[in-house]
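J.: Would you mind keeping the following structure in view while I ask a few things?
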Amino acid sequence: MAKQAISFTLNGSPVDVLAEPRQLLVHVLREQLGQTGTHIGCETSHCGACTVDLNGRSVKSCTVLAVQAEGGEVVTVEGLATNGELHPLQNAFLQDHGLQCGYCTPGMLVRAFRFLQENPDPTDEEIRMGMSGNLCRCTGYQNIVKAVRNAAAEMRTKSESPTVEEA
Amino acid sequence: MIPGQFEYHAPSTVGEAIALLGQYGDEAKILAGGHSLLPMMKLRFAEPEHLVDINRIDGLRGIRDDGDTLHIGAMTTENELIASPLLREKCPLLALAAEWIADPQVRNCGTLGGDIAHGDPGNDHPAVILALEADLLIQGTEGERTVPAGDFYLGTYFTQLEPGEILTGIRVPVSPPGSGCAYSKLKRKTGDFATAAAAVQLQLEGGVCRKAGIGLTNVGPTALKAADAEASLTGQHIDEALIERAAELAMAICDPVEDLRGDREYKTHMAGEMTRRAIRQALQHAGGR
């Protein structure tokens, strides 16, 4: 099947790529655009490892066609740090040991990035519900919840910080 | 896992979409939220030659207040249903049920229309539209038609929709004052289909039930309308004995398939328990208004 030209914004920069309609967004991000931070987990839209931000909403990029990103804005884990400064969420996952093997972490970070814009001051229960589309098989989630809670506090106190994008 | 090959179409109007469907007939499938169709395509359970993506048709999104009814566009996402103050006020059952669907990411993609039109008895909105007695609005090459929810489902993955037709939206009655509703769902974990679930919509007047709607999820080849259970509550002052009776009548129509979620007996019992809980919650909801 003929490839189609697809143009979208990836982490703030315009990208053009040729892809077959059947190619999934996660494959195009990883294999054609070299952005391997987004992981492929279950490929059945359950685990959330492939979570990216598409047009201001968290989606599972294993269940979105790359052609559907046409004209859109995509943010992946590579887009969270600014000028070499880790995003407060990345710092919090580091400080609070919010990962062990790290496989789910890019999806966790990108989901939490959007979740904290939807709800900047969440309760632990709200964090658990907001992150419920992301599975972790190592941590037992306690430290992930703690990291998101601490990142939220950090981001609220530094709400003018340039690391918090207006995406 | 990658789907088989297909040609991709992204129309921007319903008219264009219907023209494409008319042109390609049963070689075409409609892509809504994609969280049922794309997994089926990856497994080659579905191999459409043409995929008509209706995500770029703005006219299919949104909730409109038409007075006695609400019009909800088929491409309104689950999260948009949950976030709608209009829906919370005028017909909360749809939003309450949407909260139980999948997870936040999936609810950003998954749509009301996709959930209804897919015809999977495990989907949650079919039982809800049966309880609400919604009308389904369908457009096709032959024009427009309206199908009552109660007539829509013919079998598992088998509905009144013909090739060339699109479900464009639904029309639901605004819940009158004194109404209460609940969706009670048993699921093993986030993202799973229901082991069993019950949607209940009650209209009360002076403590008496004027109208009852009850729909059941995933305990039959299609979502089920528990008509006998509804009739057992109508005109009554609902007490625990009547709730028990309604649950038994709901269980009597269950015909679930045994799977990893449980055997037929267990699922039937859970459908009864979900019915009891949903009726109690709906009564509480009606009283709390």
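Chain identifiers are assigned as A, B, and so on, following the order in which chains appear in the structure tokens; residues are numbered from 1 within each chain, and ligands are numbered from 1 in order of appearance.
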Which parts of chain A does DSSP call alpha helix (DSSP H) when run on the backbone here, written out as a PyMOL selection string?
T.: chain A and resi 25-27+88-95+105-118+124-130+142-157
J.: Hey, can you spit out that residue selection with N, CA and C atoms as a compact mmCIF listing (two decimals), in the first residue's frame?
T.:
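Just written: selection-v2.txt:
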```
# COMPACT_ATOMS: atom_id res chain seq x y z
N LEU A 25 1.25 4.75 15.43
CA LEU A 25 2.03 5.94 15.80
C LEU A 25 3.30 5.54 16.54
N VAL A 26 3.20 4.57 17.46
CA VAL A 26 4.37 4.21 18.25
C VAL A 26 5.50 3.68 17.36
N HIS A 27 5.16 2.94 16.31
CA HIS A 27 6.20 2.40 15.44
C HIS A 27 6.88 3.52 14.65
N PRO A 88 10.08 18.48 36.42
CA PRO A 88 9.87 18.15 37.84
C PRO A 88 9.38 16.71 38.06
N LEU A 89 8.61 16.19 37.11
CA LEU A 89 8.16 14.80 37.24
C LEU A 89 9.34 13.84 37.14
N GLN A 90 10.23 14.12 36.21
CA GLN A 90 11.39 13.25 36.05
C GLN A 90 12.26 13.29 37.30
N ASN A 91 12.44 14.49 37.85
CA ASN A 91 13.20 14.63 39.10
C ASN A 91 12.53 13.87 40.23
N ALA A 92 11.21 13.97 40.30
CA ALA A 92 10.49 13.32 41.40
C ALA A 92 10.58 11.80 41.28
N PHE A 93 10.46 11.27 40.05
CA PHE A 93 10.59 9.81 39.87
C PHE A 93 11.99 9.36 40.30
N LEU A 94 12.99 10.22 40.03
CA LEU A 94 14.38 9.93 40.42
C LEU A 94 14.51 9.96 41.94
N GLN A 95 14.04 11.04 42.54
CA GLN A 95 14.19 11.23 43.99
C GLN A 95 13.41 10.20 44.80
N THR A 105 8.21 3.56 32.65
CA THR A 105 8.42 4.94 33.11
C THR A 105 8.11 6.02 32.08
N PRO A 106 8.53 5.86 30.81
CA PRO A 106 8.18 6.93 29.86
C PRO A 106 6.67 7.16 29.76
N GLY A 107 5.92 6.07 29.74
CA GLY A 107 4.47 6.19 29.69
C GLY A 107 3.92 6.82 30.96
N MET A 108 4.47 6.42 32.10
CA MET A 108 4.04 7.00 33.39
C MET A 108 4.29 8.52 33.38
N LEU A 109 5.48 8.91 32.92
CA LEU A 109 5.85 10.33 32.95
C LEU A 109 4.96 11.15 32.03
N VAL A 110 4.74 10.64 30.82
CA VAL A 110 3.96 11.42 29.86
C VAL A 110 2.49 11.49 30.30
N ARG A 111 1.99 10.40 30.88
CA ARG A 111 0.62 10.44 31.41
C ARG A 111 0.54 11.42 32.59
N ALA A 112 1.50 11.35 33.49
CA ALA A 112 1.47 12.24 34.66
C ALA A 112 1.62 13.71 34.24
N PHE A 113 2.39 13.93 33.19
CA PHE A 113 2.58 15.28 32.65
C PHE A 113 1.23 15.89 32.26
N ARG A 114 0.41 15.09 31.58
CA ARG A 114 -0.91 15.60 31.19
C ARG A 114 -1.86 15.63 32.38
N PHE A 115 -1.81 14.58 33.20
CA PHE A 115 -2.72 14.49 34.35
C PHE A 115 -2.56 15.70 35.27
N LEU A 116 -1.32 16.13 35.50
CA LEU A 116 -1.12 17.26 36.42
C LEU A 116 -1.54 18.59 35.80
N GLN A 117 -1.70 18.62 34.49
CA GLN A 117 -2.30 19.82 33.90
C GLN A 117 -3.81 19.79 34.03
N GLU A 118 -4.36 18.58 33.99
CA GLU A 118 -5.81 18.44 34.19
C GLU A 118 -6.18 18.66 35.66
N ASP A 124 -4.22 11.49 46.58
CA ASP A 124 -3.60 10.23 46.18
C ASP A 124 -4.59 9.36 45.41
N GLU A 125 -5.84 9.39 45.85
CA GLU A 125 -6.87 8.61 45.16
C GLU A 125 -7.03 9.09 43.71
N GLU A 126 -7.02 10.41 43.54
CA GLU A 126 -7.14 10.96 42.18
C GLU A 126 -5.92 10.60 41.33
N ILE A 127 -4.75 10.58 41.97
CA ILE A 127 -3.55 10.17 41.22
C ILE A 127 -3.70 8.72 40.76
N ARG A 128 -4.16 7.87 41.66
CA ARG A 128 -4.32 6.45 41.29
C ARG A 128 -5.32 6.29 40.15
N MET A 129 -6.43 7.03 40.21
CA MET A 129 -7.41 6.94 39.12
C MET A 129 -6.84 7.54 37.84
N GLY A 130 -6.16 8.66 37.97
CA GLY A 130 -5.62 9.35 36.80
C GLY A 130 -4.52 8.56 36.10
N GLN A 142 3.39 2.45 44.90
CA GLN A 142 3.47 3.41 46.01
C GLN A 142 4.39 4.59 45.66
N ASN A 143 5.58 4.27 45.16
CA ASN A 143 6.53 5.34 44.89
C ASN A 143 6.19 6.14 43.64
N ILE A 144 5.41 5.55 42.77
CA ILE A 144 4.95 6.30 41.60
C ILE A 144 3.94 7.37 42.07
N VAL A 145 3.02 6.95 42.91
CA VAL A 145 2.03 7.89 43.45
C VAL A 145 2.74 9.01 44.22
N LYS A 146 3.72 8.60 45.03
CA LYS A 146 4.48 9.57 45.82
C LYS A 146 5.21 10.57 44.89
N ALA A 147 5.81 10.05 43.83
CA ALA A 147 6.54 10.91 42.91
C ALA A 147 5.60 11.91 42.22
N VAL A 148 4.44 11.43 41.82
CA VAL A 148 3.49 12.33 41.14
C VAL A 148 3.01 13.39 42.14
N ARG A 149 2.74 12.96 43.37
CA ARG A 149 2.28 13.89 44.40
C ARG A 149 3.37 14.96 44.67
N ASN A 150 4.61 14.53 44.79
CA ASN A 150 5.69 15.48 45.08
C ASN A 150 5.98 16.39 43.88
N ALA A 151 5.88 15.84 42.68
CA ALA A 151 6.08 16.67 41.49
C ALA A 151 4.98 17.73 41.41
N ALA A 152 3.75 17.33 41.76
CA ALA A 152 2.63 18.28 41.71
C ALA A 152 2.91 19.44 42.67
N ALA A 153 3.38 19.12 43.87
CA ALA A 153 3.67 20.16 44.86
C ALA A 153 4.78 21.08 44.34
N GLU A 154 5.81 20.48 43.78
CA GLU A 154 6.93 21.25 43.22
C GLU A 154 6.45 22.17 42.09
N MET A 155 5.60 21.64 41.24
CA MET A 155 5.12 22.42 40.10
C MET A 155 4.19 23.55 40.54
N ARG A 156 3.44 23.31 41.61
CA ARG A 156 2.57 24.38 42.11
C ARG A 156 3.37 25.52 42.70
N THR A 157 4.44 25.17 43.44
CA THR A 157 5.24 26.24 44.04
C THR A 157 6.07 26.98 42.99
```
J.: Compute the set of chain B residues within 9 Å of chain A, using only C-alpha atoms, and express it as JSON, numbers by chain.
T.: {"B": [1, 2, 3, 4, 5, 6, 7, 8, 10, 33, 34, 35, 38, 39, 42, 53, 55, 102, 103, 104, 105, 106, 107, 108, 109, 190, 191, 192]}
J.: Sorted by chain and rising residue number, list the residues of segment 40-145 of chain B at most 6 Å from segment 210-222 of chain B (counting only C-alpha atoms), each with its closest atom pair and distance in Å to one decimal, as a Markdown table.
T.:
```
| residue | atom | partner | partner_atom | distance |
| --- | --- | --- | --- | --- |
| B:Pro121 | CA | B:Thr222 | CA | 4.5 |
| B:Gly122 | CA | B:Asn218 | CA | 4.4 |
| B:Ala127 | CA | B:Gly215 | CA | 4.2 |
| B:Leu130 | CA | B:Gly215 | CA | 5.6 |
| B:Ala131 | CA | B:Gly213 | CA | 4.1 |
```
J.: Env of Ile63 of chain B: 12 Å cut, atoms = only C-alpha atoms, seq-sep filter 5 positions within chain, self excluded. Answer as a list in words.
T.: Thr69, Leu70, His71, Ile72, Gly73, Ala74, Met75, Thr76, Thr77, Glu80, Leu81, Ile82, Ala83, Ser84, Pro85, Leu86, Leu87, Arg88, Lys90, Cys91, Leu94, Ala95, Leu112, Gly169, Ile170, Arg171 and Val172 of chain B
J.: Using only C-alpha atoms, can you tell me which of B:Val174, B:Gly25, B:Leu154, B:Glu165 comes closest to Arg64 of chain B?
T.: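 Among the listed residues, the smallest separation from Arg64 of chain B belongs to B:Val174.
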J.: Give me, as a ChimeraX atom specification, all polymer residues having an atom no more than 12 Å from Leu29 of chain A, counting only C-alpha atoms and skipping those fewer than 2 positions away in the same chain.
T.: /A:6,8-11,15-19,23-27,31-40,50-52,61-62,64-67,69,74-78
